[in-house]
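S.K.: Sharing query.cif (mmCIF, C-alpha atoms) below.
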data_query
loop_
_atom_site.label_atom_id
_atom_site.label_comp_id
_atom_site.auth_asym_id
_atom_site.auth_seq_id
_atom_site.Cartn_x
_atom_site.Cartn_y
_atom_site.Cartn_z
CA MET L 206 -2.15 -11.43 -21.52
CA ALA L 207 0.90 -9.69 -22.78
CA ALA L 208 3.83 -9.90 -20.43
CA ALA L 209 4.22 -6.87 -18.22
CA ARG L 210 7.58 -5.15 -18.18
CA THR L 211 9.47 -5.72 -14.99
CA LEU L 212 12.54 -4.07 -13.57
CA VAL L 213 14.40 -5.81 -10.78
CA ASN L 214 17.46 -4.28 -9.20
CA ILE L 215 19.58 -6.66 -7.11
CA PRO L 216 23.31 -6.23 -6.54
CA PRO L 217 25.10 -8.88 -8.68
CA LYS L 218 27.74 -9.45 -5.99
CA ALA L 219 27.57 -9.32 -2.22
CA LYS L 220 29.57 -10.39 0.83
CA ARG L 221 28.18 -13.24 2.91
CA GLY L 222 25.88 -11.87 5.59
CA GLU L 223 25.53 -8.49 3.95
CA VAL L 224 22.07 -6.87 3.89
CA ILE L 225 21.15 -6.18 0.29
CA LEU L 226 18.39 -3.98 -1.09
CA ILE L 227 16.00 -5.44 -3.65
CA ARG L 228 14.09 -2.94 -5.77
CA THR L 229 11.23 -4.08 -7.97
CA LEU L 230 9.00 -2.36 -10.49
CA ILE L 231 6.34 -3.83 -12.77
CA SER L 232 4.23 -2.10 -15.39
CA HIS L 233 0.56 -2.50 -14.49
CA VAL L 234 -2.45 -0.16 -14.54
CA MET L 235 -3.63 -1.15 -11.04
CA GLU L 236 -7.22 -0.25 -12.01
CA ASN L 237 -8.74 0.22 -8.58
CA GLY L 238 -12.38 -0.69 -9.35
CA PHE L 239 -13.82 2.56 -7.97
CA ARG L 240 -13.80 4.53 -11.20
CA HIS L 241 -16.36 4.87 -14.02
CA ASP L 242 -15.81 5.16 -17.75
CA ASN L 243 -17.25 8.02 -19.83
CA MET L 244 -20.53 6.11 -20.22
CA GLY L 245 -20.89 5.97 -16.44
CA LYS L 246 -20.27 2.24 -16.24
CA PRO L 247 -18.04 1.09 -13.41
CA ILE L 248 -14.60 -0.10 -14.51
CA SER L 249 -13.92 -3.49 -12.95
CA ARG L 250 -10.97 -3.95 -10.65
CA ASP L 251 -7.71 -5.15 -12.18
CA ILE L 252 -4.82 -5.01 -9.75
CA ILE L 253 -1.80 -7.01 -8.70
CA THR L 254 -2.69 -8.60 -5.40
CA SER L 255 0.52 -10.24 -4.34
CA LEU L 256 4.28 -10.07 -4.69
CA THR L 257 6.43 -12.91 -3.39
CA CYS L 258 10.20 -13.16 -3.37
CA THR L 259 12.10 -16.42 -3.03
CA TYR L 260 15.86 -16.81 -2.54
CA ASN L 261 17.03 -20.25 -3.70
CA GLY L 262 13.49 -21.53 -3.17
CA GLU L 263 13.03 -20.07 0.31
CA THR L 264 10.39 -17.36 0.68
CA ILE L 265 12.01 -14.22 2.07
CA PHE L 266 9.35 -11.58 1.41
CA GLU L 267 5.61 -11.55 0.81
CA ALA L 268 3.40 -8.55 0.15
CA VAL L 269 -0.35 -8.25 -0.28
CA LEU L 270 -1.23 -5.26 -2.43
CA TYR L 271 -4.55 -3.40 -2.34
CA PRO L 272 -6.06 -0.88 -4.77
CA ALA L 273 -4.32 1.90 -2.81
CA ILE L 274 -1.00 0.99 -4.41
CA ALA L 275 -0.10 3.35 -7.26
CA ALA L 276 0.00 2.21 -10.88
CA ASN L 277 3.21 0.42 -11.89
CA PRO L 278 3.85 -0.93 -8.38
CA PHE L 279 7.28 -0.15 -7.06
CA VAL L 280 8.31 -2.08 -3.96
CA THR L 281 11.68 -2.27 -2.22
CA PHE L 282 12.79 -4.50 0.64
CA ASN L 283 15.93 -6.03 2.11
CA THR L 284 17.37 -9.45 2.56
CA ILE L 285 20.56 -11.04 3.84
CA ALA L 286 22.88 -12.42 1.17
CA THR L 287 23.42 -15.97 2.40
CA GLU L 288 24.68 -17.88 -0.61
CA SER L 289 25.09 -17.61 -4.37
CA GLY L 290 21.95 -18.42 -6.27
CA THR L 291 18.81 -17.06 -7.82
CA ILE L 292 16.31 -14.58 -6.46
CA VAL L 293 12.87 -14.99 -8.04
CA LEU L 294 10.08 -12.44 -7.86
CA ARG L 295 6.54 -13.45 -8.62
CA TRP L 296 3.58 -11.12 -9.05
CA THR L 297 0.02 -12.41 -9.24
CA GLY L 298 -3.22 -10.51 -9.61
CA ASP L 299 -6.75 -10.20 -10.89
CA ASN L 300 -7.84 -11.83 -14.16
CA GLY L 301 -5.21 -14.55 -13.84
CA PHE L 302 -2.29 -12.14 -13.97
CA ALA L 303 1.02 -13.85 -13.21
CA GLN L 304 4.52 -12.66 -13.96
CA GLU L 305 7.94 -13.79 -12.86
CA ALA L 306 11.34 -12.17 -12.90
CA SER L 307 14.61 -13.47 -11.55
CA ALA L 308 18.16 -12.33 -10.94
CA LYS L 309 21.36 -14.14 -10.08
CA ILE L 310 23.52 -13.15 -7.15
CA VAL L 311 27.10 -14.17 -6.39
CA VAL L 312 27.97 -14.28 -2.70
CA GLU L 313 31.61 -14.31 -1.70
CA MET G 47 -50.88 27.54 1.11
CA LYS G 48 -47.32 28.79 0.98
CA PRO G 49 -45.34 27.32 -1.93
CA LEU G 50 -42.41 25.10 -0.96
CA ILE G 51 -39.80 27.35 -2.51
CA SER G 52 -41.02 30.90 -2.29
CA THR G 53 -38.05 33.08 -1.51
CA ARG G 54 -34.60 33.39 -2.97
CA ARG G 55 -33.19 32.15 0.32
CA ASP G 56 -35.27 28.93 0.16
CA PHE G 57 -34.17 28.35 -3.40
CA LEU G 58 -30.48 28.75 -2.55
CA GLY G 59 -30.91 26.47 0.42
CA VAL G 60 -32.44 23.69 -1.67
CA VAL G 61 -29.94 24.00 -4.53
CA GLY G 62 -27.00 24.23 -2.16
CA GLY G 63 -28.21 21.19 -0.25
CA ALA G 64 -28.55 19.16 -3.44
CA ALA G 65 -25.09 20.21 -4.61
CA SER G 66 -23.50 19.18 -1.35
CA LEU G 67 -25.28 15.82 -1.55
CA MET G 68 -23.85 15.29 -5.03
CA LEU G 69 -20.36 15.97 -3.73
CA VAL G 70 -20.58 13.08 -1.31
CA ARG G 71 -18.32 10.34 -2.60
CA PRO G 72 -19.96 7.02 -3.51
CA ALA G 73 -17.56 4.86 -1.54
CA GLY G 74 -15.33 5.77 1.32
CA ALA G 75 -13.65 4.14 4.25
CA THR G 76 -14.17 5.82 7.56
CA PRO G 77 -11.92 6.03 10.61
CA GLN G 78 -14.23 3.30 11.94
CA ALA G 79 -13.50 1.03 8.93
CA MET G 80 -9.79 1.61 9.51
CA LYS G 81 -10.15 0.60 13.16
CA GLU G 82 -11.94 -2.57 12.09
CA ALA G 83 -9.27 -3.40 9.51
CA MET G 84 -6.59 -2.87 12.17
CA ALA G 85 -8.48 -5.03 14.67
CA ALA G 86 -8.67 -7.81 12.06
CA VAL G 87 -4.85 -7.77 11.98
CA THR G 88 -4.18 -7.39 15.69
CA GLY G 89 -7.00 -9.60 16.91
CA GLY G 90 -7.75 -6.98 19.54
CA ALA G 91 -4.22 -6.90 20.99
CA PRO G 92 -3.11 -3.48 22.29
CA VAL G 93 -1.21 -1.27 19.84
CA LYS G 94 1.50 0.96 21.28
CA PRO G 95 3.05 4.00 19.60
CA GLY G 96 6.74 3.74 18.73
CA LYS G 97 9.41 1.48 17.18
CA ILE G 98 7.93 1.93 13.70
CA LYS G 99 8.54 5.00 11.55
CA LEU G 100 6.23 5.91 8.68
CA ASP G 101 7.73 8.38 6.25
CA LEU G 102 5.34 10.29 3.98
CA PRO G 103 5.55 13.85 2.68
CA PRO G 104 3.34 16.13 4.85
CA LEU G 105 2.04 18.01 1.79
CA VAL G 106 1.23 16.05 -1.36
CA GLU G 107 0.26 17.68 -4.62
CA ASN G 108 -0.92 14.56 -6.44
CA GLY G 109 -2.37 11.60 -4.59
CA ASN G 110 -1.87 9.18 -7.48
CA ALA G 111 1.65 8.19 -6.45
CA VAL G 112 2.97 9.14 -3.06
CA ALA G 113 6.37 7.75 -2.05
CA MET G 114 6.15 5.98 1.29
CA THR G 115 8.88 4.46 3.44
CA VAL G 116 8.26 2.31 6.51
CA LYS G 117 11.11 1.43 8.88
CA VAL G 118 11.09 -0.52 12.10
CA GLU G 119 13.85 -0.50 14.69
CA SER G 120 14.63 -4.15 15.19
CA PRO G 121 17.75 -6.31 15.36
CA MET G 122 16.00 -8.77 12.99
CA THR G 123 17.34 -11.91 14.68
CA ALA G 124 15.58 -15.25 14.95
CA LEU G 125 14.43 -14.34 18.47
CA ASP G 126 13.56 -10.70 17.91
CA HIS G 127 12.31 -9.65 14.51
CA VAL G 128 9.48 -7.94 12.70
CA LYS G 129 6.91 -10.40 11.42
CA ALA G 130 4.68 -8.07 9.46
CA ILE G 131 4.06 -4.46 8.47
CA HIS G 132 0.62 -3.16 7.53
CA VAL G 133 -0.43 0.28 6.29
CA PHE G 134 -3.94 1.72 6.61
CA THR G 135 -5.74 4.89 5.53
CA GLU G 136 -8.85 6.53 6.98
CA LYS G 137 -10.47 8.02 3.90
CA ASN G 138 -9.49 5.94 0.88
CA PRO G 139 -12.33 3.76 -0.46
CA GLN G 140 -10.72 0.83 1.36
CA PRO G 141 -8.70 1.09 4.56
CA ASN G 142 -5.96 -1.39 3.58
CA VAL G 143 -2.96 -0.18 1.60
CA ILE G 144 -0.34 -2.92 1.83
CA SER G 145 0.54 -5.85 4.08
CA VAL G 146 4.07 -7.21 4.11
CA LYS G 147 5.53 -10.30 5.76
CA LEU G 148 9.14 -10.14 6.91
CA GLY G 149 11.39 -12.44 8.89
CA PRO G 150 14.92 -12.84 10.25
CA ARG G 151 16.10 -13.33 6.67
CA SER G 152 15.11 -9.74 5.87
CA GLY G 153 18.14 -8.33 7.71
CA LYS G 154 16.61 -4.89 7.91
CA ALA G 155 12.95 -4.07 8.50
CA GLU G 156 12.45 -1.41 5.90
CA MET G 157 10.24 -1.22 2.84
CA GLN G 158 9.28 1.37 0.31
CA THR G 159 6.45 1.73 -2.18
CA ARG G 160 4.20 4.31 -3.84
CA ILE G 161 0.63 4.65 -2.66
CA ARG G 162 -2.60 6.37 -3.68
CA LEU G 163 -4.37 8.81 -1.40
CA ALA G 164 -7.97 9.88 -1.95
CA ASP G 165 -8.12 12.73 0.53
CA THR G 166 -6.34 14.77 3.16
CA GLN G 167 -6.10 12.25 5.95
CA GLN G 168 -4.11 10.34 8.50
CA VAL G 169 -2.13 7.28 7.39
CA THR G 170 -1.25 4.60 9.93
CA ALA G 171 1.53 2.02 9.80
CA LEU G 172 1.38 -0.97 12.09
CA CYS G 173 4.01 -3.61 12.75
CA GLU G 174 3.86 -6.97 14.46
CA LEU G 175 6.97 -8.15 16.27
CA SER G 176 7.98 -11.75 16.87
CA ASP G 177 7.00 -11.42 20.57
CA GLY G 178 3.42 -10.73 19.47
CA SER G 179 3.38 -7.01 20.30
CA PHE G 180 1.99 -4.37 17.94
CA TRP G 181 3.42 -0.90 17.37
CA SER G 182 2.16 1.94 15.21
CA ASP G 183 2.96 5.34 13.76
CA GLN G 184 0.65 7.95 12.23
CA VAL G 185 1.31 10.67 9.69
CA ASP G 186 -1.06 13.46 8.66
CA VAL G 187 -0.99 14.12 4.93
CA ILE G 188 -2.51 17.16 3.25
CA LEU G 189 -3.52 16.50 -0.33
CA THR G 190 -4.36 18.86 -3.18
CA ILE G 191 -5.24 16.40 -6.00
CA SER G 192 -7.06 13.23 -5.10
CA ALA G 193 -6.40 9.81 -6.55
CA CYS G 194 -8.63 6.75 -6.77
CA LEU G 195 -11.98 8.23 -7.60
CA GLU G 196 -11.63 10.63 -10.48
CA ASP G 197 -12.67 9.05 -13.75
CA PRO G 198 -10.64 8.80 -16.93
CA VAL G 199 -11.45 11.48 -19.51
#
Would you kindly transcribe this structure into structure tokens?

M.R.:
Amino acid sequence: MAAARTLVNIPPKAKRGEVILIRTLISHVMENGFRHDNMGKPISRDIITSLTCTYNGETIFEAVLYPAIAANPFVTFNTIATESGTIVLRWTGDNGFAQEASAKIVVE
Amino acid sequence: MKPLISTRRDFLGVVGGAASLMLVRPAGATPQAMKEAMAAVTGGAPVKPGKIKLDLPPLVENGNAVAMTVKVESPMTALDHVKAIHVFTEKNPQPNVISVKLGPRSGKAEMQTRIRLADTQQVTALCELSDGSFWSDQVDVILTISACLEDPV
């Protein structure tokens, strides 16, 4: 499967203990499995089912997505900037979909 | 014997009845399905109103992408934090919308996403705190264009 485009917005620098906002977007149809094509055949479900965020290996956020999430899922959440390192986002879904994106953060 | 459809009124009644049957959606959650989905999360624990704030526009033109914000008032410390946030709908084909796990590392219990709505309905957000209590908030949303069920052209 072709890689989906992702957009991850994390402040590159933060003060220790500061609450930072993480904004994520991934291109995906989120086909909900309740629709039919023009021949009347049901279109099978193809959605992203989970989004996990790890900060230097520690899981800080987990989301389970259902078909009621709009196409191109956009999710924002917060975390505390504890130390410099890497924030990794991982999306997984139907039909073996898996995509990763990461960003570095410098904590002073 | 009197024919089954003899008058204009009978005819309209039959045709109208058939049309309304055809309008019934093939799949749909009910308020009952939403209650069951919520009970699966809470395990039957009481749910109190308050603490959590669900932010959705009251009038939505297009249900395909509705911006939603959920906030919980919480100090987010190791002893007192939000463990999870769940969102449910009454009339989408499935009651679940999103389930999120948070912790003291979150700093602030707030999340945002875009959801699909199939009908004018009530949306419920539920949060679980670290002391095991559940809190909820409801918002009524009026919708003019449905998402989820219309087919691609």

S.K.: Apply the PyMOL selection byres ((chain G) within 6 of (chain L)) to the structure shown and report the selected residues as a PyMOL selection string.

M.R.: chain G and resi 111+143-148+151-154+157-162+195+197

S.K.: Which residues come within 7 Å of Leu294 of chain L, counting only C-alpha atoms, excluding same-chain residues fewer than 6 positions away, as a tab-separated table (two decimals) with C-alpha atoms, keeping the file's coordinate frame?

M.R.:
chain	number	residue	atom	x	y	z
L	257	THR	CA	6.43	-12.91	-3.39
L	258	CYS	CA	10.20	-13.16	-3.37
L	259	THR	CA	12.10	-16.42	-3.03
L	305	GLU	CA	7.94	-13.79	-12.86
L	306	ALA	CA	11.34	-12.17	-12.90
L	307	SER	CA	14.61	-13.47	-11.55

S.K.: Just so the selection is clear, what residues does the PyMOL selection byres ((chain G and resi 91-102) around 8) cover here, as a list of chain:residue names?

M.R.: G:Ala85, G:Thr88, G:Gly89, G:Gly90, G:Pro103, G:Pro104, G:Val112, G:Ala113, G:Met114, G:Thr115, G:Val116, G:Lys117, G:Val118, G:Glu119, G:Ser120, G:Thr170, G:Ala171, G:Leu172, G:Cys173, G:Ser179, G:Phe180, G:Trp181, G:Ser182, G:Asp183, G:Gln184, G:Val185, G:Val187

S.K.: So which residues get picked by the PyMOL selection byres ((chain L and resi 301) around 12) here, written as a count of residues only?

M.R.: 15

S.K.: Check the smallest atom-to-atom distance from each of L:Ala219, L:Met244, L:Val234, L:Ala308 to Asn261 of chain L using all atoms listed in the file, then report the winner.

M.R.: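 Counting all atoms listed in the file, the residue closest to Asn261 of chain L is L:Ala308.
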
S.K.: Kindly provide, as lines of an AutoDock Vina configuration file, the centre and edge lengths (Å, one decimal) of an axis-aligned box around all atoms of segment 157-161 of chain G given in the file, with 4 Å on each side.

M.R.:
center_x = 5.4
center_y = 1.7
center_z = -0.5
size_x = 17.6
size_y = 13.9
size_z = 14.7

S.K.: Give me the residues near Met80 of chain G as an NGL selection string, where near means some atom within 8 Å (using all atoms listed in the file) and where sequence neighbours in that chain fewer than 5 positions away do not count.

M.R.: :G and (75 or 134-136 or 141-142)

S.K.: Of the residues G:Thr123, G:Asn108, G:Gln78, G:Gln140, which is the one nearest to Ile188 of chain G, using all atoms listed in the file?

M.R.: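 Among the listed residues, the smallest separation from Ile188 of chain G belongs to G:Asn108.
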
S.K.: Complete the atoms of segment 114-125 of chain G to N, CA and C atoms and put them out as a JSON list (two decimals), keeping the file's coordinate frame.

M.R.:
[["chain", "number", "residue", "atom", "x", "y", "z"],
["G", 114, "MET", "N", 6.33, 6.30, -0.12],
["G", 114, "MET", "CA", 6.15, 5.98, 1.29],
["G", 114, "MET", "C", 7.28, 5.04, 1.73],
["G", 115, "THR", "N", 7.87, 5.33, 2.87],
["G", 115, "THR", "CA", 8.88, 4.46, 3.44],
["G", 115, "THR", "C", 8.44, 4.06, 4.84],
["G", 116, "VAL", "N", 8.56, 2.78, 5.15],
["G", 116, "VAL", "CA", 8.26, 2.31, 6.51],
["G", 116, "VAL", "C", 9.50, 1.61, 7.04],
["G", 117, "LYS", "N", 9.94, 2.02, 8.23],
["G", 117, "LYS", "CA", 11.11, 1.43, 8.88],
["G", 117, "LYS", "C", 10.72, 0.99, 10.27],
["G", 118, "VAL", "N", 11.31, -0.09, 10.73],
["G", 118, "VAL", "CA", 11.09, -0.52, 12.10],
["G", 118, "VAL", "C", 12.46, -0.74, 12.73],
["G", 119, "GLU", "N", 12.61, -0.24, 13.95],
["G", 119, "GLU", "CA", 13.85, -0.50, 14.69],
["G", 119, "GLU", "C", 13.78, -1.91, 15.23],
["G", 120, "SER", "N", 14.64, -2.77, 14.73],
["G", 120, "SER", "CA", 14.63, -4.15, 15.19],
["G", 120, "SER", "C", 15.96, -4.79, 14.83],
["G", 121, "PRO", "N", 16.50, -5.64, 15.71],
["G", 121, "PRO", "CA", 17.75, -6.31, 15.36],
["G", 121, "PRO", "C", 17.56, -7.37, 14.28],
["G", 122, "MET", "N", 16.33, -7.78, 14.01],
["G", 122, "MET", "CA", 16.00, -8.77, 12.99],
["G", 122, "MET", "C", 16.79, -10.08, 13.18],
["G", 123, "THR", "N", 16.77, -10.60, 14.40],
["G", 123, "THR", "CA", 17.34, -11.91, 14.68],
["G", 123, "THR", "C", 16.22, -12.93, 14.77],
["G", 124, "ALA", "N", 16.60, -14.20, 14.89],
["G", 124, "ALA", "CA", 15.58, -15.25, 14.95],
["G", 124, "ALA", "C", 14.66, -15.06, 16.16],
["G", 125, "LEU", "N", 15.23, -14.51, 17.26],
["G", 125, "LEU", "CA", 14.43, -14.34, 18.47],
["G", 125, "LEU", "C", 13.66, -13.03, 18.51]]
